[in-house]
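Note: the block below is my_file08.cif and it holds mmCIF, C-alpha atoms.
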```cif
data_data
loop_
_atom_site.label_atom_id
_atom_site.label_comp_id
_atom_site.auth_asym_id
_atom_site.auth_seq_id
_atom_site.Cartn_x
_atom_site.Cartn_y
_atom_site.Cartn_z
CA MET S 603 92.01 6.71 63.68
CA ARG S 604 95.59 7.54 64.25
CA TRP S 605 94.97 11.27 64.14
CA LEU S 606 92.43 10.93 66.92
CA GLU S 607 94.87 8.97 69.00
CA ARG S 608 97.49 11.59 68.42
CA LEU S 609 95.10 14.33 69.32
CA LEU S 610 94.09 12.56 72.52
CA ARG S 611 97.66 11.90 73.48
CA ARG S 612 98.47 15.53 72.88
CA GLY S 613 95.57 16.58 75.08
CA ALA S 614 96.84 14.34 77.87
CA GLN S 615 100.32 15.72 77.46
CA GLU S 616 99.01 19.28 77.76
CA ALA S 617 97.12 18.41 80.92
CA ARG S 618 100.24 16.88 82.44
CA LEU S 619 102.37 19.85 81.52
CA ASP S 620 99.80 22.05 83.15
CA ALA S 621 99.74 19.87 86.27
CA GLU S 622 103.53 19.87 86.48
CA LEU S 623 103.85 23.64 86.36
CA ARG S 624 100.94 24.10 88.75
CA ASP S 625 102.62 21.74 91.19
CA HIS S 626 105.74 23.92 91.11
CA LEU S 627 103.72 27.08 91.65
CA GLU S 628 101.88 25.56 94.59
CA ARG S 629 105.05 24.35 96.26
CA LEU S 630 106.63 27.77 95.84
CA THR S 631 103.51 29.38 97.32
CA ALA S 632 103.53 26.94 100.24
CA ASP S 633 107.16 27.77 100.94
CA TYR S 634 106.37 31.48 101.10
CA VAL S 635 103.42 30.82 103.40
CA ALA S 636 105.73 28.73 105.59
CA ALA S 637 108.11 31.70 105.63
CA GLY S 638 105.34 33.82 107.11
CA MET S 639 103.61 35.40 104.14
CA SER S 640 99.86 35.64 103.86
CA GLU S 641 98.27 33.26 101.37
CA PRO S 642 97.40 35.92 98.76
CA ASP S 643 100.82 37.58 99.05
CA ALA S 644 102.57 34.24 98.76
CA ARG S 645 100.51 33.35 95.72
CA ARG S 646 101.23 36.65 94.07
CA ARG S 647 104.94 36.49 94.85
CA ALA S 648 105.19 32.94 93.55
CA ARG S 649 103.40 33.91 90.37
CA LEU S 650 105.69 36.89 89.87
CA GLU S 651 108.75 34.77 90.42
CA PHE S 652 107.49 31.99 88.23
CA GLY S 653 107.01 34.32 85.31
CA GLY S 654 105.01 33.60 82.20
CA VAL S 655 103.47 30.16 82.46
CA GLU S 656 102.31 30.23 78.86
CA GLN S 657 105.78 31.05 77.65
CA ILE S 658 107.26 28.17 79.65
CA LYS S 659 104.64 25.81 78.25
CA GLU S 660 105.39 26.99 74.76
CA ASP S 661 109.09 26.34 75.29
CA CYS S 662 108.37 22.87 76.65
CA ARG S 663 106.20 22.10 73.62
CA ASP S 664 108.94 23.36 71.33
CA VAL S 665 111.36 20.94 72.91
CA ARG S 666 109.11 17.97 72.35
CA GLY S 667 108.74 16.49 68.95
CA THR S 668 111.59 18.40 67.45
CA ARG S 669 114.76 16.72 66.47
CA LEU S 670 116.38 20.04 65.77
CA PHE S 671 118.14 20.06 69.10
CA ASP S 672 119.86 16.74 68.55
CA ASP S 673 121.22 18.04 65.27
CA LEU S 674 122.51 21.06 67.09
CA VAL S 675 124.16 18.91 69.71
CA GLN S 676 126.13 17.30 66.94
CA ASP S 677 127.24 20.70 65.72
CA VAL S 678 128.13 21.86 69.19
CA ARG S 679 130.09 18.69 69.92
CA TYR S 680 132.04 19.21 66.77
CA GLY S 681 132.66 22.81 67.79
CA LEU S 682 133.82 21.74 71.23
CA ARG S 683 136.28 19.28 69.77
CA MET S 684 137.69 22.00 67.60
CA LEU S 685 138.03 24.31 70.55
CA LYS S 686 139.35 21.84 73.08
CA ALA S 687 142.91 22.39 71.99
CA SER S 688 142.83 26.03 72.99
CA PRO S 689 141.05 26.58 76.31
CA ALA S 690 141.48 30.35 76.20
CA VAL S 691 139.45 30.58 73.05
CA THR S 692 136.92 28.17 74.47
CA PHE S 693 136.33 30.32 77.51
CA VAL S 694 135.78 33.46 75.51
CA ALA S 695 133.45 31.58 73.21
CA VAL S 696 131.45 30.08 76.05
CA ALA S 697 131.23 33.41 77.82
CA SER S 698 129.89 35.18 74.78
CA LEU S 699 127.57 32.38 73.72
CA ALA S 700 126.06 32.34 77.18
CA LEU S 701 124.71 35.79 76.51
CA GLY S 702 122.54 34.57 73.68
CA ILE S 703 119.90 33.24 76.04
CA GLY S 704 117.23 35.23 77.77
CA ALA S 705 114.12 36.97 76.66
CA ASN S 706 114.08 34.95 73.49
CA GLY S 707 110.66 34.65 71.99
CA ALA S 708 109.01 37.62 73.62
CA MET S 709 105.67 38.18 71.95
CA PHE S 710 103.14 40.94 71.63
CA SER S 711 99.50 39.99 71.73
CA LEU S 712 96.39 42.04 71.39
CA VAL S 713 95.37 43.32 74.75
CA ASP S 714 92.72 41.15 76.32
CA SER S 715 89.31 42.41 75.37
CA VAL S 716 88.07 42.45 78.95
CA LEU S 717 90.93 44.72 79.83
CA LEU S 718 90.14 46.85 76.82
CA LYS S 719 86.63 47.55 77.97
CA THR S 720 87.95 48.94 81.21
CA LEU S 721 90.45 51.19 79.48
CA PRO S 722 88.96 54.42 78.22
CA VAL S 723 91.92 54.98 75.99
CA ARG S 724 92.52 56.24 72.49
CA GLU S 725 92.16 53.57 69.77
CA PRO S 726 92.50 50.59 72.11
CA GLU S 727 92.61 48.18 69.14
CA ARG S 728 96.14 49.39 68.48
CA LEU S 729 97.39 48.47 71.93
CA VAL S 730 99.32 45.25 72.31
CA LEU S 731 100.56 43.67 75.52
CA LEU S 732 103.88 41.95 75.81
CA GLU S 733 103.15 38.32 76.66
CA GLY S 734 105.11 36.07 78.93
CA GLY S 735 104.28 37.60 82.29
CA SER S 736 106.39 40.33 83.73
CA TRP S 737 109.65 41.91 82.66
CA THR S 738 112.63 43.48 84.35
CA ASN S 739 113.45 47.16 84.27
CA PRO S 740 116.76 46.61 82.41
CA ILE S 741 114.80 44.86 79.65
CA TRP S 742 112.23 47.65 79.68
CA GLU S 743 114.96 50.30 79.36
CA GLN S 744 116.25 48.57 76.25
CA ILE S 745 112.77 48.62 74.77
CA ARG S 746 112.11 52.18 75.93
CA ASP S 747 115.28 53.56 74.36
CA ARG S 748 114.48 52.04 70.99
CA GLN S 749 110.68 51.93 71.08
CA SER S 750 110.38 53.73 67.74
CA GLU S 751 111.91 50.66 66.09
CA ILE S 752 109.20 48.45 67.56
CA ALA S 753 105.99 50.42 67.40
CA GLU S 754 104.60 53.93 67.63
CA SER S 755 105.29 53.98 71.36
CA ALA S 756 105.70 51.68 74.33
CA ALA S 757 105.03 51.93 78.05
CA ALA S 758 105.61 49.94 81.21
CA TRP S 759 103.97 49.80 84.60
CA SER S 760 103.91 47.90 87.85
CA ASP S 761 101.61 47.87 90.84
CA ALA S 762 102.82 49.52 93.98
CA ARG S 763 101.56 50.31 97.43
CA PHE S 764 102.54 53.58 99.01
CA ASP S 765 102.33 54.70 102.60
CA LEU S 766 100.74 58.15 102.79
CA SER S 767 101.40 58.69 106.48
CA ARG S 768 103.96 60.99 108.06
CA GLY S 769 104.81 58.26 110.53
CA GLY S 770 102.85 56.33 113.08
CA GLN S 771 99.98 54.39 111.60
CA THR S 772 100.49 53.49 107.96
CA GLU S 773 97.87 54.57 105.48
CA PHE S 774 98.06 52.77 102.18
CA ALA S 775 97.38 54.11 98.74
CA GLU S 776 97.11 51.94 95.64
CA GLY S 777 100.01 53.01 93.52
CA LEU S 778 101.42 52.53 90.09
CA TRP S 779 104.99 52.80 88.92
CA VAL S 780 104.72 53.97 85.32
CA SER S 781 107.13 54.86 82.58
CA GLY S 782 107.27 58.50 81.57
CA GLY S 783 105.36 57.89 78.35
CA PHE S 784 102.69 55.69 79.94
CA PHE S 785 99.73 58.07 79.73
CA ASP S 786 100.65 59.28 76.25
CA ALA S 787 101.05 55.73 74.94
CA LEU S 788 97.65 54.75 76.31
CA GLY S 789 96.16 58.04 75.20
CA VAL S 790 94.88 59.06 78.63
CA PRO S 791 94.80 62.84 79.05
CA ALA S 792 94.74 64.86 82.27
CA ILE S 793 91.50 66.59 83.22
CA LEU S 794 93.51 68.89 85.45
CA GLY S 795 97.18 69.81 85.14
CA ARG S 796 99.24 67.40 83.08
CA THR S 797 100.16 63.72 82.95
CA LEU S 798 103.74 62.45 83.13
CA SER S 799 106.42 62.85 80.49
CA PRO S 800 109.65 60.96 79.77
CA ALA S 801 111.50 63.90 81.35
CA ASP S 802 109.83 63.10 84.70
CA ASP S 803 111.04 59.51 84.53
CA ARG S 804 114.61 59.89 85.70
CA ARG S 805 116.37 58.33 88.62
CA ASP S 806 117.29 61.68 90.06
CA ALA S 807 113.76 62.96 89.34
CA GLY S 808 112.93 65.31 86.46
CA PRO S 809 113.04 69.12 86.24
CA ASP S 810 110.01 69.40 88.56
CA GLY S 811 111.44 67.06 91.21
CA PRO S 812 109.50 63.94 92.20
CA VAL S 813 106.05 64.21 90.61
CA ALA S 814 102.81 62.24 90.84
CA VAL S 815 99.55 61.98 88.92
CA ILE S 816 96.44 61.09 90.90
CA SER S 817 93.19 59.41 89.90
CA TYR S 818 89.89 61.23 89.85
CA ALA S 819 88.58 59.11 92.74
CA PHE S 820 91.63 59.84 94.89
CA TRP S 821 91.34 63.52 94.08
CA GLN S 822 87.74 63.50 95.28
CA LYS S 823 88.41 61.37 98.33
CA ARG S 824 91.59 62.91 99.64
CA PHE S 825 91.41 66.48 98.35
CA ASN S 826 87.62 66.86 98.12
CA GLY S 827 88.02 67.65 94.44
CA SER S 828 89.83 70.85 95.31
CA ALA S 829 90.68 72.89 92.19
CA ASP S 830 94.13 73.86 93.48
CA VAL S 831 95.35 70.30 93.92
CA VAL S 832 97.95 70.67 91.18
CA GLY S 833 101.17 71.78 92.82
CA ARG S 834 100.25 70.39 96.25
CA GLN S 835 102.59 67.94 97.95
CA LEU S 836 101.82 64.29 98.61
CA LEU S 837 103.89 62.15 100.93
CA LEU S 838 104.62 58.67 99.54
CA ASN S 839 106.70 56.47 101.83
CA ARG S 840 107.88 59.71 103.53
CA VAL S 841 109.10 61.21 100.27
CA SER S 842 107.43 64.38 99.11
CA PHE S 843 105.94 64.31 95.59
CA THR S 844 104.39 67.23 93.73
CA ILE S 845 100.97 66.48 92.26
CA VAL S 846 101.06 67.56 88.60
CA GLY S 847 97.72 66.27 87.34
CA VAL S 848 94.48 64.35 87.69
CA THR S 849 93.25 61.63 85.28
CA PRO S 850 89.66 61.37 83.97
CA PRO S 851 87.02 59.69 86.19
CA SER S 852 86.69 56.84 83.69
CA PHE S 853 90.34 55.79 84.00
CA PHE S 854 90.99 53.34 86.82
CA GLY S 855 94.44 52.18 85.76
CA PRO S 856 95.68 49.39 83.53
CA ALA S 857 94.70 46.40 85.67
CA ILE S 858 91.31 44.72 85.89
CA GLY S 859 89.56 44.82 89.21
CA ARG S 860 91.97 47.23 90.74
CA SER S 861 91.86 50.99 90.69
CA PHE S 862 94.83 53.20 91.33
CA ASP S 863 95.15 56.24 93.56
CA VAL S 864 98.49 57.63 92.54
CA ALA S 865 100.95 57.02 89.70
CA VAL S 866 104.61 57.97 89.85
CA PRO S 867 107.48 57.53 87.36
CA LEU S 868 109.49 54.30 87.48
CA GLY S 869 112.65 56.32 88.02
CA ALA S 870 111.27 57.59 91.34
CA SER S 871 111.71 54.13 92.83
CA ALA S 872 115.37 55.07 93.26
CA ILE S 873 114.24 57.84 95.62
CA VAL S 874 111.38 56.03 97.34
CA MET S 875 113.06 52.68 97.86
CA GLY S 876 116.64 53.80 98.30
CA ASN S 877 119.12 51.04 97.57
CA ARG S 878 116.30 48.48 97.52
CA HIS S 879 115.11 49.75 94.17
CA TRP S 880 114.88 47.32 91.26
CA LEU S 881 115.85 49.60 88.42
CA ASP S 882 119.02 47.63 87.73
CA ALA S 883 117.82 44.26 89.02
CA ARG S 884 117.98 41.63 86.33
CA SER S 885 115.98 39.15 88.34
CA THR S 886 113.08 41.34 89.47
CA TRP S 887 110.35 40.61 86.97
CA ILE S 888 107.66 43.11 87.83
CA LEU S 889 106.89 45.28 84.83
CA GLU S 890 104.05 44.89 82.38
CA ILE S 891 104.87 46.25 78.95
CA VAL S 892 102.41 47.56 76.40
CA ALA S 893 103.00 49.00 72.94
CA ARG S 894 100.88 51.11 70.63
CA LEU S 895 101.10 49.83 67.08
CA ARG S 896 101.55 52.20 64.19
CA PRO S 897 98.44 52.44 61.99
CA GLY S 898 98.41 49.31 59.82
CA GLN S 899 101.16 47.58 61.81
CA THR S 900 100.37 44.10 63.11
CA ALA S 901 101.30 42.55 66.45
CA GLU S 902 103.52 40.13 64.51
CA ASP S 903 105.47 43.01 62.97
CA ALA S 904 106.07 44.50 66.40
CA THR S 905 107.03 41.09 67.81
CA LEU S 906 109.60 40.58 65.10
CA ALA S 907 111.12 44.03 65.66
CA LEU S 908 111.17 43.43 69.40
CA ASN S 909 112.94 40.11 69.10
CA ILE S 910 115.57 41.53 66.82
CA LEU S 911 116.21 44.21 69.40
CA LEU S 912 116.26 41.77 72.30
CA SER S 913 118.59 39.33 70.60
CA GLU S 914 121.01 42.18 70.00
CA ARG S 915 120.65 43.13 73.61
CA ASN S 916 121.37 39.61 74.73
CA ARG S 917 124.67 39.70 73.04
CA ARG S 918 125.63 42.50 75.37
CA LEU S 919 123.80 41.81 78.61
CA SER S 920 123.15 38.87 80.85
CA ASP S 921 119.71 37.53 81.88
CA ALA S 922 120.93 34.11 80.89
CA ASP S 923 119.15 31.11 82.32
CA VAL S 924 121.69 30.37 85.01
CA ILE S 925 122.11 33.39 87.22
CA LEU S 926 125.07 33.80 89.50
CA LYS S 927 124.11 35.46 92.71
CA ARG S 928 126.27 37.40 95.15
CA GLN S 929 128.91 37.88 92.52
CA PRO S 930 127.96 41.09 90.82
CA ALA S 931 131.26 41.34 89.00
CA VAL S 932 130.68 37.98 87.36
CA ASN S 933 126.98 38.49 86.95
CA SER S 934 127.40 40.76 84.00
CA VAL S 935 128.77 37.93 81.93
CA ALA S 936 126.33 35.39 83.37
CA LEU S 937 128.59 32.39 83.40
CA MET P 4 109.19 34.40 67.00
CA VAL P 5 112.82 34.57 66.06
CA PRO P 6 114.44 31.16 65.56
CA GLU P 7 116.32 30.09 68.62
CA ASN P 8 119.96 30.96 68.56
CA PRO P 9 121.77 27.64 68.10
CA LYS P 10 124.78 28.98 69.93
CA SER P 11 122.82 29.36 73.16
CA ASP P 12 122.75 25.58 73.55
CA LEU P 13 126.26 25.65 74.91
CA LEU P 14 125.07 27.17 78.13
CA GLN P 15 122.01 24.96 78.14
CA GLY P 16 124.53 22.16 78.07
CA THR P 17 125.87 23.50 81.35
CA LEU P 18 122.41 23.60 82.85
CA ASP P 19 121.79 20.06 81.56
CA VAL P 20 124.72 18.56 83.41
CA LEU P 21 123.68 20.30 86.64
CA ILE P 22 120.16 18.94 86.30
CA LEU P 23 121.40 15.44 85.51
CA LYS P 24 123.61 15.51 88.59
CA ILE P 25 120.82 16.64 90.91
CA ILE P 26 118.50 13.97 89.58
CA ALA P 27 121.24 11.36 89.89
CA LEU P 28 121.04 11.91 93.65
CA GLY P 29 117.51 10.50 93.65
CA PRO P 30 114.21 10.86 91.78
CA VAL P 31 112.78 14.35 92.23
CA HIS P 32 110.11 16.67 90.87
CA GLY P 33 110.90 19.92 89.07
CA TYR P 34 110.51 22.15 92.09
CA ALA P 35 112.98 20.08 94.08
CA VAL P 36 115.49 20.28 91.24
CA ALA P 37 115.40 24.07 91.42
CA GLN P 38 115.61 24.05 95.22
CA ARG P 39 118.52 21.64 95.34
CA LEU P 40 120.48 23.44 92.65
CA GLN P 41 120.20 26.50 94.82
CA GLN P 42 120.93 24.77 98.13
CA ILE P 43 123.81 22.60 97.02
CA SER P 44 125.49 25.47 95.19
CA ARG P 45 125.08 27.47 98.44
CA GLU P 46 122.70 29.89 96.74
CA VAL P 47 125.13 30.65 93.92
CA VAL P 48 123.27 28.91 91.12
CA GLN P 49 119.68 29.92 90.62
CA VAL P 50 117.80 28.58 87.67
CA GLN P 51 114.70 30.21 86.32
CA GLN P 52 111.60 28.14 85.76
CA GLY P 53 111.50 29.39 82.21
CA SER P 54 114.74 27.52 81.58
CA LEU P 55 114.31 24.61 83.97
CA TYR P 56 111.16 23.05 82.53
CA PRO P 57 112.14 23.22 78.87
CA ALA P 58 115.49 21.66 79.89
CA LEU P 59 113.76 18.85 81.82
CA HIS P 60 111.47 18.15 78.90
CA ARG P 61 114.32 18.24 76.45
CA LEU P 62 116.35 15.78 78.53
CA GLU P 63 113.32 13.53 78.82
CA ASN P 64 112.75 13.74 75.09
CA ARG P 65 116.33 12.74 74.44
CA GLY P 66 115.96 9.74 76.69
CA LEU P 67 118.37 10.97 79.36
CA LEU P 68 115.58 11.28 81.92
CA ALA P 69 112.53 9.12 82.53
CA ALA P 70 109.44 10.57 84.17
CA GLU P 71 106.89 8.99 86.41
CA TRP P 72 103.76 10.38 88.05
CA ARG P 73 103.54 9.64 91.74
CA VAL P 74 101.51 10.84 94.64
CA SER P 75 103.83 13.18 96.47
CA ASP P 76 103.99 14.60 99.98
CA THR P 77 101.32 17.15 99.03
CA GLY P 78 98.83 14.37 98.34
CA ARG P 79 98.64 15.39 94.70
CA GLU P 80 100.25 13.64 91.78
CA ALA P 81 103.60 15.09 90.86
CA LYS P 82 105.94 14.34 88.02
CA PHE P 83 109.13 12.73 89.26
CA TYR P 84 112.21 12.53 87.11
CA LYS P 85 114.90 9.90 87.32
CA LEU P 86 118.07 9.26 85.41
CA THR P 87 118.14 6.63 82.66
CA ARG P 88 121.25 4.62 81.90
CA LYS P 89 121.83 6.85 78.91
CA GLY P 90 121.43 9.86 81.19
CA ARG P 91 124.00 8.52 83.61
CA ALA P 92 126.52 8.08 80.79
CA ALA P 93 125.80 11.58 79.49
CA MET P 94 126.26 12.99 82.97
CA ALA P 95 129.65 11.31 83.36
CA GLU P 96 130.78 12.53 79.97
CA GLN P 97 129.57 16.09 80.49
CA THR P 98 130.98 16.26 84.01
CA ALA P 99 134.39 15.29 82.70
CA GLY P 100 134.10 17.89 79.94
CA TRP P 101 133.09 20.56 82.39
CA ARG P 102 135.96 19.74 84.75
CA ARG P 103 138.41 20.00 81.89
CA LEU P 104 137.03 23.40 80.99
CA VAL P 105 137.17 24.60 84.60
CA GLU P 106 140.71 23.34 84.93
CA GLY P 107 141.73 25.08 81.72
CA VAL P 108 140.10 28.32 82.80
CA GLY P 109 141.75 27.91 86.22
CA HIS P 110 145.17 27.67 84.63
CA ILE P 111 144.56 30.89 82.77
CA LEU P 112 143.25 32.76 85.76
CA ASP P 113 146.04 31.51 87.98
CA ALA P 114 148.74 32.39 85.51
CA ALA P 115 151.29 34.59 87.25
CA GLU P 116 151.44 38.02 85.71
CA GLY P 117 154.40 38.64 83.51
CA GLU P 118 154.56 34.93 82.83
CA ALA P 119 153.29 35.21 79.30
#
```
Take the structure in the file and give it back as structure tokens.
Amino acid sequence: MRWLERLLRRGAQEARLDAELRDHLERLTADYVAAGMSEPDARRRARLEFGGVEQIKEDCRDVRGTRLFDDLVQDVRYGLRMLKASPAVTFVAVASLALGIGANGAMFSLVDSVLLKTLPVREPERLVLLEGGSWTNPIWEQIRDRQSEIAESAAAWSDARFDLSRGGQTEFAEGLWVSGGFFDALGVPAILGRTLSPADDRRDAGPDGPVAVISYAFWQKRFNGSADVVGRQLLLNRVSFTIVGVTPPSFFGPAIGRSFDVAVPLGASAIVMGNRHWLDARSTWILEIVARLRPGQTAEDATLALNILLSERNRRLSDADVILKRQPAVNSVAL
Amino acid sequence: MVPENPKSDLLQGTLDVLILKIIALGPVHGYAVAQRLQQISREVVQVQQGSLYPALHRLENRGLLAAEWRVSDTGREAKFYKLTRKGRAAMAEQTAGWRRLVEGVGHILDAAEGEA
């Protein structure tokens, strides 16, 4: 019964891998709680920072039981010996090779069916979610600029919380940072006004200035369903946004168990958050990325196209596994 | 999934020697490895979990690290890594290699302009 033994051992190994990663997550959470965060915030922050657990597990599994790496070590050793004589060449080689690491193995999967049921969107079976947790805006921009090579369209979003007050007591609204093509990619129309467009999603705001789309519920609650809501101003973190549209009552946003009040373009974070924005941050993993497959295209096709794009990107950008902090000039070569 | 770029292992080699060194200071669990890398480097080196755990598992698989489950300060079982003899030898070898590289790079960067 060797196969059974193997299977059992594998099961035990999986459980231990799971326990190991959970231990890390819990320690990270505890440290944030110790630093003064509330338990749920700490948990969320730790999870964000930790990134895609499934991806990490997959990478750990890959490492086990493959001798490939040892073969590679031999190759690399040989290469190092060859290069040792000329350190200048070695440095250039190491610097450029370092860039090869990063979002390797990003994968699209069919959007979870529970999520699908909550999304009143056009042809939800063609929507795929990028696995591996959250992504950075620089990675998203790479995907955004070449989305036609990957799928019919792609979109990104992140949760946000905006302060609606003019000062004094804060009044929170559930927000969403969304890419300009978010509503079009999902196939969510506006029941009043318009949704957002790529032109709105600029760092210096689009032709209409900072713009926002609000949910049906928020429209009812805050504006009493007033017909002239389009064009009115809404203060978000003391920055004035023009309301351009209202989404259908059936659309609560892309996340389960959470409904949004107001959605604004990603680019507006430069205005709302000032120099604390994360548009160029290579270590702020906060965006969820979704793609709409072309008719007949499979998630595997899109995954392959995405990885080709990302591996090209990695040759130019950092996001390597060792990040140098406080040295922005060096950061761009990640060594 | 695209096959892993073999070239990227050069940098993983760098991460490997850092991990080996940290673990040489005493048996630790994964979280502590990340923390200590950050602390000892005075916040300069930050390793992402997505790279740390595959590296730990790879080093264990290659026999450079041995792992042991122990009840930790949290009261739960945690996986502690320690250096094997083979790991200690690899660390010494890789440290020497890294120092040579740093020295070589240093010479280049320190070269007085106009010297070449």
Inset, instruction - Evaluate the PyMOL selection byres ((chain P and resi 33) around 9) on the structure here and hand back the selected residues as a list in words. - result: Glu622, Leu623, Asp625 and His626 of chain S; Val31, His32, Tyr34, Ala35, Val36, Ala37, Gln38, Gln52, Leu55, Tyr56, Leu59, Ala81, Lys82, Phe83 and Tyr84 of chain P
Inset, instruction - Run the PyMOL selection byres ((chain S and resi 869) around 8) against the file shown and list the residues it catches, as a ChimeraX atom specification. - result: /S:781,803-807,867-868,870-873,881
Could those selected residues go to a file with C-alpha atoms, as a PDB file, keeping the file's coordinate frame?
```
ATOM      1  CA  SER S 781     107.130  54.860  82.580  1.00  0.00           C
ATOM      2  CA  ASP S 803     111.040  59.510  84.530  1.00  0.00           C
ATOM      3  CA  ARG S 804     114.610  59.890  85.700  1.00  0.00           C
ATOM      4  CA  ARG S 805     116.370  58.330  88.620  1.00  0.00           C
ATOM      5  CA  ASP S 806     117.290  61.680  90.060  1.00  0.00           C
ATOM      6  CA  ALA S 807     113.760  62.960  89.340  1.00  0.00           C
ATOM      7  CA  PRO S 867     107.480  57.530  87.360  1.00  0.00           C
ATOM      8  CA  LEU S 868     109.490  54.300  87.480  1.00  0.00           C
ATOM      9  CA  ALA S 870     111.270  57.590  91.340  1.00  0.00           C
ATOM     10  CA  SER S 871     111.710  54.130  92.830  1.00  0.00           C
ATOM     11  CA  ALA S 872     115.370  55.070  93.260  1.00  0.00           C
ATOM     12  CA  ILE S 873     114.240  57.840  95.620  1.00  0.00           C
ATOM     13  CA  LEU S 881     115.850  49.600  88.420  1.00  0.00           C
TER      14      LEU S 881
END
```
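Atom to atom, CA of Leu18 (chain P) and CA of Ser885 (chain S) stand 17.7 Å apart.
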Legend entry - Expected selection from the PyMOL selection byres ((chain S and resi 900) around 10), given as a PyMOL selection string: chain S and resi 710-712+728+730+753+895-899+901-905
Legend entry - Nearest residue to Trp759 (chain S) from the set S:Leu729, S:Ile745, S:Leu798, S:Ile891 (distances using only C-alpha atoms): S:Ile891
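Computed from the coordinates, the CA of Ala95 (chain P) to CA of Gln51 (chain P) distance equals 24.3 Å.
In this model, the gap between CA of Ser44 (chain P) and CA of Asp620 (chain S) comes to 28.6 Å.
For the set P:Ala92, P:Leu28, P:Val108, P:Leu40, the residue with the smallest atom-to-atom gap to chain S is P:Val108, counting all atoms listed in the file.
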Inset, instruction - Write out as number ranges by chain which residues come within 12 Å of Ile816 (chain S) when counting only C-alpha atoms, dropping same-chain ones fewer than 6 positions away. - result: S: 775-778, 792-798, 822-825, 827, 831-836, 843-851, 853-855, 861-866
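The shortest atom-to-atom distance to chain S, with all atoms listed in the file taken into account, belongs to P:Gln49 out of P:Thr17, P:Gln49, P:Thr77, P:Gln42.
The list of residues within 6 Å of (106.6, 19.1, 80.7), counted using all atoms listed in the file, is S:Leu619, S:Cys662, P:His60.
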Inset, instruction - Using all atoms listed in the file, determine which residues lie at most 6 Å from region 764-767 of chain S, disregarding the query and same-chain residues fewer than 4 positions distant; provide the list as a ChimeraX atom specification. - result: /S:772-775,837-839
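Of the listed residues (P:Leu21, P:Pro30, P:Leu67, P:Ser54), P:Ser54 comes nearest to Gly654 (chain S); the distances count only C-alpha atoms.
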Inset, instruction - Write out as a PyMOL selection string which residues come within 12 Å of Ala93 (chain P) when counting all atoms listed in the file, dropping same-chain ones fewer than 5 positions away. - result: chain P and resi 16+19-24+27+62+65-68+86-88+98-101
Reconstruct region 61-72 of chain P at the level of N, CA and C atoms, and format the result as a compact mmCIF listing (two decimals), in the frame of the given file.
```
# COMPACT_ATOMS: atom_id res chain seq x y z
N ARG P 61 113.39 18.56 77.52
CA ARG P 61 114.32 18.24 76.45
C ARG P 61 115.13 16.98 76.82
N LEU P 62 115.58 16.93 78.08
CA LEU P 62 116.35 15.78 78.53
C LEU P 62 115.50 14.50 78.51
N GLU P 63 114.22 14.68 78.85
CA GLU P 63 113.32 13.53 78.82
C GLU P 63 113.13 13.07 77.37
N ASN P 64 112.96 14.04 76.51
CA ASN P 64 112.75 13.74 75.09
C ASN P 64 113.95 13.03 74.47
N ARG P 65 115.12 13.36 74.97
CA ARG P 65 116.33 12.74 74.44
C ARG P 65 116.66 11.41 75.13
N GLY P 66 115.79 11.04 76.06
CA GLY P 66 115.96 9.74 76.69
C GLY P 66 116.99 9.73 77.82
N LEU P 67 117.40 10.91 78.26
CA LEU P 67 118.37 10.97 79.36
C LEU P 67 117.65 10.92 80.72
N LEU P 68 116.39 11.34 80.70
CA LEU P 68 115.58 11.28 81.92
C LEU P 68 114.33 10.46 81.62
N ALA P 69 113.83 9.77 82.64
CA ALA P 69 112.53 9.12 82.53
C ALA P 69 111.63 9.77 83.56
N ALA P 70 110.36 9.91 83.24
CA ALA P 70 109.44 10.57 84.17
C ALA P 70 108.37 9.60 84.62
N GLU P 71 107.88 9.87 85.81
CA GLU P 71 106.89 8.99 86.41
C GLU P 71 105.99 9.85 87.28
N TRP P 72 104.68 9.61 87.21
CA TRP P 72 103.76 10.38 88.05
C TRP P 72 103.49 9.60 89.34
```
